[in-house]
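Visitor: The structure under discussion is supplied below as structure tokens; questions concerning it will follow.
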Amino acid sequence: MSGCRKVVTLLDAYADGELEPEHVLEIEGHLADCEGCSARLQLEHATRKSLRRQVYAEAQPSVAFQDRILASMQAEAEREAVAELDSGRRGGALSWASIVPLAAAAAFALLWSAKVDHPQTKTRTTDKVTASAGPVSFEQVLDELIDRHIDRSSPEVTEPALLDGMEPQVGVPVHFPSLAQYGARWQGGKVVPIRNQRAASLRFLVDGHRMTVYVYNSEHFPVATSFKRRVVRNEPVYTGWKRGYSIATTDRHGVGYAVATDLGEDEGAEIVASLH
Amino acid sequence: MAALPRKLSDFEKEAMSHLSTLLAVGSRLTRSAAEAEDLVQDTLLKAIRAREHFTPGSNMRAWLLRILTNTFINKYRRGGLERSVLDGPDADPLADGWIGASTMEAMRDPESRAMRALLEKEIVAALDELPEEFRLAVVLSDVEELSYKEISEIMGCPIGTVMSRLHRGRRLLKGRLYEHARTLGIVGPEESVGKPAERDSVVDMQSYRKKAVSS
């Protein structure tokens with residue numbers, strides 16, 4: 001047993017296959033003679049085998065989870081496609097900018113309006129039921145609204161007066177909503193892609209809860225049929241829950257508004273109704 | 001405007017093949033099924049966004065596990081992994097020779113070459129009681145069978161630190177299992193030899209803390 005102390009210090013590395021060859025011979029010589037160290041090594045192997053088995057047995061990915069991952073990959077691919085399109089457009093605008101700086105803003109706006117108009121004209125001339133892209137389900141839109149709400153990336157616009165600049169991208173007027181009466185603290189906004197369309201995402205903090213107000217062209221998104229319809233301030237509002245977040249939506253003159261928060265259904269409904 | 005279903009890219013397919021691994025390791029890091037699923041989803045999305053930094057043909061499993069670990073630390077542990085509170089000298093019931101070979105034999109099942117079924121059931125609970133940095137090292141080595149070098153890259157620490165975390169983590173884990181074996185009557189106190197006074201103070205963290213304070 002005299003060498004046991006030393007062997008014990010090397011046994012881990014030996015079992016891990018990371019021991020230098022000169023020590024391997026030494027250890028194996030000792031193991032052949034020492035019942036205690038040999039039992040220790042056997043127990044080490046047994047522990048690992050049980051660990052592997054049980055750790056995997058307790059965490060098998062469910063079918064629902066696999067679907068969720070595939071859906072998030074799909075959404076990511078769509079976002080990337082939109083971003084690529086954007087950078088292509090922007091590249092054009094930038095090269096213009098280097099030649100005629102003063103015309104750059106106008107050129108940019110033109111490109112954007114061309115881009116925004118195109119799919120709209122298409123929808124108008126195409127029978128909606130037979131549109132080849134297929135219908136967008138409200139559930140998918142909801143998931144993206146929540147994904148975007150959870151996302152912690154930093155805002156692009158923090159100056160409220162500059163929100164109007166989102167209009168050409170979103171396709172509807174975007175104004176800074178005054179939510180001070182609800183104790184909402186302004187965090188910042190950005191334009192986000194939702195199901196290949198763009199929405200303005202305006203981030204607030206209310207009582208320490210995060211809240212996102214979305215402004216979008218309501219023509220692009222289906223109505224919240226699965227949601228509860230209620231009337232707040234004489235306006236129809238649809239509210240419901242998904243993944244622990246309350247979502248409240250409403251529509252006014254073709255501009256859609258949605259509020260995503262973990263505050264609560266009533267709070268979301270009240271805030272979304274005030275956006276009119 | 002929903003996009004048509006699309007085929008997965010090769011990168012996505014390979015990443016998906018590690019879903020079980022990510023969920024298994026994520027579950028032991030978070031110790032929560034729901035949090036583990038969120039963590040794995042975040043990890044895969046980050047991996048897809050960073051796919052240009054992945055060298056095709058290199059070990060994607062280790063690369064994904066590094067993203068998983070960093071995501072966990074950033075999301076749940078702003079100051080890095082939960083540190084071990086075990087600073088004092090700690091006795092090792094198995095290495096110090098006061099648990100005999102026969103006791104260690106009794107903890108195993110000779111046929112399956114694994115732990116006795118009753119102990120195996122307790123093993124994940126015992127693992128979850130380890131401090132995070134020990135727990136992660138043990139999972140990456142004993143479950144995922146990664147090399148010390150790969151683990152040091154994932155955990156962002158030197159190889160020597162990996163080895164000491166592994167050593168202490170495994171020792172604590174086996175101490176826990178030994179306690180269970182005694183509670184379940186799989187091994188009796190009469191089977192151990194020597195140092196009875198220290199026997200009760202070795203395995204759990206509470207005792208460690210008390211011991212460190214009193215000594």
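Residues in the structure tokens are numbered from 1 in each chain, the chains being A, B, ... in the order shown, and ligands are numbered from 1 in the order shown.
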Considering only C-alpha atoms, return as a ChimeraX atom specification whatever protein or nucleic-acid residues lie within 12 Å of stretch 260-263 of chain A, sequence-local ones (same chain, fewer than 6 positions apart) excluded.
Guide: /A:142-150,182,184,201-215,239-249,269-272
Visitor: Select residues of chain A: the criterion is any atom within 7 Å of an atom of chain B, counting only C-alpha atoms; output as a list in words.
Guide: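 Residues of chain A within 7 Å of chain B, counting only C-alpha atoms: Val8, Asp12, Glu35, Gly36, Ala39, Arg40, Leu43, Ala46, Thr47, Arg48, Lys49, Ser50, Leu51, Arg52, Gln54, Val55, Tyr56, Ala59, Gln60, Pro61, Ile69, Met73, Ala133, Gly134, Pro135, Val136, Arg195 and Asn196 of chain A.
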Visitor: Counting only C-alpha atoms, which residue out of A:Leu11, A:Val223, A:Cys37, A:Leu163 sits closest to A:Val24?
Guide: A:Leu11
Visitor: Using backbone DSSP assignments, extract all alpha helix (DSSP H) residues from stretch 22-122 of chain B; output them as a short mmCIF file (atom, residue, chain, number, x, y, z; two decimals) with C-alpha atoms, in the first residue's frame.
Guide:
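Heads up, here's the output in selection.cif:
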```
data_model
loop_
_atom_site.label_atom_id
_atom_site.label_comp_id
_atom_site.auth_asym_id
_atom_site.auth_seq_id
_atom_site.Cartn_x
_atom_site.Cartn_y
_atom_site.Cartn_z
CA LEU B 22 -26.78 20.34 -25.36
CA LEU B 23 -29.97 19.57 -23.47
CA ALA B 24 -28.21 17.06 -21.20
CA VAL B 25 -25.39 19.44 -20.30
CA GLY B 26 -27.76 22.44 -20.16
CA SER B 27 -30.08 20.59 -17.80
CA ARG B 28 -27.26 19.92 -15.37
CA LEU B 29 -26.02 23.51 -15.58
CA THR B 30 -29.44 25.08 -14.98
CA ALA B 33 -35.88 21.51 -17.60
CA ALA B 34 -37.55 24.73 -18.75
CA GLU B 35 -34.44 26.87 -18.33
CA ALA B 36 -32.35 24.24 -20.08
CA GLU B 37 -34.64 24.37 -23.13
CA ASP B 38 -34.36 28.17 -23.29
CA LEU B 39 -30.61 27.93 -22.87
CA VAL B 40 -30.28 25.40 -25.69
CA GLN B 41 -32.44 27.50 -28.00
CA ASP B 42 -30.33 30.61 -27.29
CA THR B 43 -27.18 28.55 -27.82
CA LEU B 44 -28.24 27.22 -31.21
CA LEU B 45 -29.34 30.63 -32.45
CA LYS B 46 -26.03 32.15 -31.36
CA ALA B 47 -24.19 29.30 -33.06
CA ILE B 48 -26.08 29.90 -36.31
CA ARG B 49 -25.30 33.62 -36.17
CA MET B 60 -18.69 21.07 -33.28
CA ARG B 61 -19.88 19.46 -30.05
CA ALA B 62 -17.10 21.15 -28.04
CA TRP B 63 -17.71 24.43 -29.90
CA LEU B 64 -21.43 24.34 -29.14
CA LEU B 65 -20.76 23.47 -25.51
CA ARG B 66 -18.52 26.51 -25.22
CA ILE B 67 -21.31 28.73 -26.54
CA LEU B 68 -23.74 27.03 -24.16
CA THR B 69 -21.46 27.65 -21.18
CA ASN B 70 -20.84 31.28 -22.09
CA THR B 71 -24.53 31.86 -22.71
CA PHE B 72 -25.34 30.37 -19.34
CA ILE B 73 -22.75 32.55 -17.60
CA ASN B 74 -23.92 35.71 -19.37
CA LYS B 75 -27.59 35.06 -18.82
CA TYR B 76 -27.70 33.61 -15.35
CA ALA B 101 -12.09 -2.21 -1.07
CA SER B 102 -15.10 -4.33 -0.10
CA THR B 103 -17.24 -1.23 0.51
CA MET B 104 -16.29 0.17 -2.86
CA GLU B 105 -17.10 -3.19 -4.42
CA ALA B 106 -20.49 -3.18 -2.72
CA ALA B 117 -29.30 0.45 -9.37
CA LEU B 118 -30.41 2.12 -6.13
CA LEU B 119 -27.35 4.36 -6.14
CA GLU B 120 -27.58 5.08 -9.83
#
```
Visitor: Report the distance between atom CA of A:Glu159 and atom CA of A:Ser274 in Å, rounded to one decimal place.
Guide: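 Separating atom CA of A:Glu159 from atom CA of A:Ser274 is a distance of 21.2 Å.
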Visitor: Write out as a ChimeraX atom specification each polymer residue whose atoms come within 9 Å of stretch 190-192 of chain A, counting only C-alpha atoms; drop sequence neighbours fewer than 4 positions from it.
Guide: /A:79,148,154-158,163,166,169-170,197-203
Visitor: Tell me which of A:Leu179, A:Ser218, A:Ile194, A:Ser226 sits closest to A:Gly268, counting only C-alpha atoms.
Guide: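 So, comparing all the options, the nearest one is A:Leu179.
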Visitor: Could you pull out all residues of stretch 140-257 of chain A with a DSSP call of strand (DSSP E or B) and give them as a PyMOL selection string?
Guide: chain A and resi 157+184-194+197-206+209-217+228-232+235-242+245-252+255-257
Visitor: For A:His175, which residue among A:Leu275, A:Glu78, A:Glu219, A:Glu26 is the nearest when counting only C-alpha atoms?
Guide: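 Under the stated criterion, the closest residue is A:Leu275.
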Visitor: In Å to one decimal, how far is atom CA of A:Phe176 from atom CA of A:Pro160?
Guide: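 Result for atom CA of A:Pro160 versus atom CA of A:Phe176: 5.7 Å, one decimal.
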